[in-house]
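Below is query.pdb, which holds PDB, C-alpha atoms.
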MODEL        1
ATOM      1  CA  MET E   1      55.992 137.705 -79.648
ATOM      2  CA  LYS E   2      55.395 134.558 -77.634
ATOM      3  CA  VAL E   3      58.901 133.262 -78.412
ATOM      4  CA  ILE E   4      60.487 136.527 -77.306
ATOM      5  CA  PHE E   5      58.498 136.539 -74.053
ATOM      6  CA  LEU E   6      59.365 132.916 -73.225
ATOM      7  CA  THR E   7      63.038 133.465 -74.034
ATOM      8  CA  ALA E   8      63.176 136.553 -71.830
ATOM      9  CA  PHE E   9      61.350 134.734 -69.021
ATOM     10  CA  PHE E  10      63.761 131.798 -69.188
ATOM     11  CA  MET E  11      66.809 134.072 -69.252
ATOM     12  CA  LEU E  12      65.571 136.044 -66.226
ATOM     13  CA  SER E  13      64.792 132.822 -64.367
ATOM     14  CA  ALA E  14      68.244 131.436 -65.121
ATOM     15  CA  VAL E  15      69.967 134.643 -64.032
ATOM     16  CA  SER E  16      68.047 134.792 -60.759
ATOM     17  CA  GLY E  17      68.840 131.145 -59.969
ATOM     18  CA  CYS E  18      65.365 129.689 -60.407
ATOM     19  CA  VAL E  19      66.509 127.470 -63.252
ATOM     20  CA  THR E  20      69.816 125.666 -63.164
ATOM     21  CA  LEU E  21      71.649 124.903 -66.345
ATOM     22  CA  PRO E  22      74.095 122.016 -66.662
ATOM     23  CA  SER E  23      77.714 122.977 -66.461
ATOM     24  CA  LEU E  24      80.061 121.916 -69.210
ATOM     25  CA  LYS E  25      82.922 121.457 -66.725
ATOM     26  CA  GLU E  26      81.191 118.891 -64.503
ATOM     27  CA  ASP E  27      80.918 115.238 -65.474
ATOM     28  CA  PRO E  28      77.334 114.000 -65.527
ATOM     29  CA  LYS E  29      76.443 111.718 -62.649
ATOM     30  CA  PRO E  30      75.620 108.122 -63.578
ATOM     31  CA  ALA E  31      71.977 107.169 -63.249
ATOM     32  CA  ALA E  32      71.152 105.510 -59.950
ATOM     33  CA  LYS E  33      70.028 101.905 -60.150
ATOM     34  CA  SER E  34      66.675 101.002 -58.724
ATOM     35  CA  PRO E  35      66.732  98.750 -55.633
ATOM     36  CA  GLN E  36      64.976  96.012 -57.567
ATOM     37  CA  ALA E  37      67.612  96.016 -60.312
ATOM     38  CA  ALA E  38      70.420  95.927 -57.751
ATOM     39  CA  SER E  39      68.893  92.939 -55.927
ATOM     40  CA  GLN E  40      68.413  91.048 -59.188
ATOM     41  CA  GLU E  41      72.084  91.459 -60.080
ATOM     42  CA  LEU E  42      73.246  90.045 -56.750
ATOM     43  CA  ALA E  43      70.875  87.083 -56.552
ATOM     44  CA  PRO E  44      72.355  83.918 -58.045
ATOM     45  CA  ALA E  45      70.278  81.758 -60.346
ATOM     46  CA  PRO E  46      68.322  79.143 -58.373
ATOM     47  CA  VAL E  47      69.087  76.404 -60.888
ATOM     48  CA  SER E  48      71.813  76.004 -63.468
ATOM     49  CA  PRO E  49      71.617  73.542 -66.371
ATOM     50  CA  ASP E  50      74.564  71.552 -65.016
ATOM     51  CA  GLU E  51      72.708  70.772 -61.788
ATOM     52  CA  ILE E  52      69.723  69.050 -63.402
ATOM     53  CA  THR E  53      69.713  65.269 -63.566
ATOM     54  CA  ASP E  54      66.976  62.689 -64.022
ATOM     55  CA  ARG E  55      66.821  62.125 -60.266
ATOM     56  CA  ASN E  56      66.524  65.726 -59.112
ATOM     57  CA  ALA E  57      64.499  67.220 -61.985
ATOM     58  CA  HIS E  58      61.324  67.453 -59.871
ATOM     59  CA  GLU E  59      63.153  69.307 -57.082
ATOM     60  CA  LYS E  60      64.646  71.791 -59.550
ATOM     61  CA  VAL E  61      61.225  72.466 -61.099
ATOM     62  CA  GLU E  62      59.892  73.262 -57.639
ATOM     63  CA  ALA E  63      62.829  75.604 -56.983
ATOM     64  CA  LEU E  64      62.109  77.449 -60.223
ATOM     65  CA  ARG E  65      58.398  77.715 -59.360
ATOM     66  CA  LYS E  66      59.262  79.217 -55.985
ATOM     67  CA  GLU E  67      61.574  81.732 -57.671
ATOM     68  CA  LEU E  68      58.893  82.759 -60.154
ATOM     69  CA  SER E  69      56.216  83.115 -57.468
ATOM     70  CA  ARG E  70      58.596  85.235 -55.397
ATOM     71  CA  GLU E  71      59.182  87.619 -58.330
ATOM     72  CA  ASP E  72      55.446  88.036 -58.937
ATOM     73  CA  LYS E  73      54.866  89.451 -55.457
TER      74      LYS E  73
ENDMDL
END
How does this structure look as structure tokens?
Amino acid sequence: MKVIFLTAFFMLSAVSGCVTLPSLKEDPKPAAKSPQAASQELAPAPVSPDEITDRNAHEKVEALRKELSREDK
């Protein structure tokens, strides 16, 4: 009885326009990316392995620490 009532309710809601059903003719829209994900894709890496030498290792560590502290906020 409950199944029949819920089916009838859903059908009446769909017919009256309260519930929209996906169309088979339309292509599904791609999911929108979050702003955080978009900004992470565009930001270049602060340090690459080729840039590190014995002389500038301390500077590169500081650059990585700044990057990590910026992501935590």
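For the atom pair formed by atom CA of Arg55 of chain E and atom CA of Glu67 of chain E, the distance is 20.5 Å, given to one decimal.
Here atom CA of Ala45 of chain E and atom CA of Ser69 of chain E stand 14.4 Å from one another.
In this model, the gap between atom CA of Val15 of chain E and atom CA of Val3 of chain E comes to 18.2 Å.
By chain and then residue number, the residues within 9 Å of Val47 of chain E are Pro44, Ala45, Pro49, Asp50, Glu51, Ile52, Lys60, Val61, Ala63 and Leu64 of chain E, counting all atoms listed in the file and disregarding those fewer than 2 positions away in sequence.
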Could segment 53-65 of chain E be completed with N, CA, C and O atoms and returned as a tab-separated table (two decimals), in the coordinates of the input?
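Resulting contents of result-v7.tsv:
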chain	number	residue	atom	x	y	z
E	53	THR	N	69.56	66.67	-63.17
E	53	THR	CA	69.71	65.27	-63.57
E	53	THR	C	68.33	64.63	-63.59
E	53	THR	O	67.34	65.26	-63.22
E	54	ASP	N	68.27	63.38	-64.00
E	54	ASP	CA	66.98	62.69	-64.02
E	54	ASP	C	66.42	62.51	-62.62
E	54	ASP	O	65.20	62.52	-62.41
E	55	ARG	N	67.27	62.38	-61.64
E	55	ARG	CA	66.82	62.12	-60.27
E	55	ARG	C	66.31	63.38	-59.57
E	55	ARG	O	65.40	63.31	-58.76
E	56	ASN	N	66.91	64.53	-59.84
E	56	ASN	CA	66.52	65.73	-59.11
E	56	ASN	C	65.72	66.73	-59.96
E	56	ASN	O	65.55	67.87	-59.57
E	57	ALA	N	65.22	66.30	-61.10
E	57	ALA	CA	64.50	67.22	-61.98
E	57	ALA	C	63.26	67.79	-61.30
E	57	ALA	O	62.97	68.99	-61.43
E	58	HIS	N	62.54	66.97	-60.55
E	58	HIS	CA	61.32	67.45	-59.87
E	58	HIS	C	61.67	68.52	-58.83
E	58	HIS	O	60.97	69.53	-58.72
E	59	GLU	N	62.74	68.32	-58.09
E	59	GLU	CA	63.15	69.31	-57.08
E	59	GLU	C	63.53	70.64	-57.73
E	59	GLU	O	63.21	71.71	-57.22
E	60	LYS	N	64.22	70.57	-58.86
E	60	LYS	CA	64.65	71.79	-59.55
E	60	LYS	C	63.46	72.55	-60.13
E	60	LYS	O	63.43	73.78	-60.13
E	61	VAL	N	62.44	71.81	-60.60
E	61	VAL	CA	61.22	72.47	-61.10
E	61	VAL	C	60.55	73.21	-59.95
E	61	VAL	O	60.08	74.35	-60.12
E	62	GLU	N	60.49	72.60	-58.80
E	62	GLU	CA	59.89	73.26	-57.64
E	62	GLU	C	60.69	74.50	-57.23
E	62	GLU	O	60.12	75.53	-56.87
E	63	ALA	N	62.00	74.44	-57.31
E	63	ALA	CA	62.83	75.60	-56.98
E	63	ALA	C	62.56	76.75	-57.96
E	63	ALA	O	62.48	77.92	-57.56
E	64	LEU	N	62.42	76.41	-59.23
E	64	LEU	CA	62.11	77.45	-60.22
E	64	LEU	C	60.72	78.04	-60.01
E	64	LEU	O	60.52	79.25	-60.16
E	65	ARG	N	59.75	77.20	-59.63
E	65	ARG	CA	58.40	77.72	-59.36
E	65	ARG	C	58.41	78.67	-58.17
E	65	ARG	O	57.73	79.69	-58.18
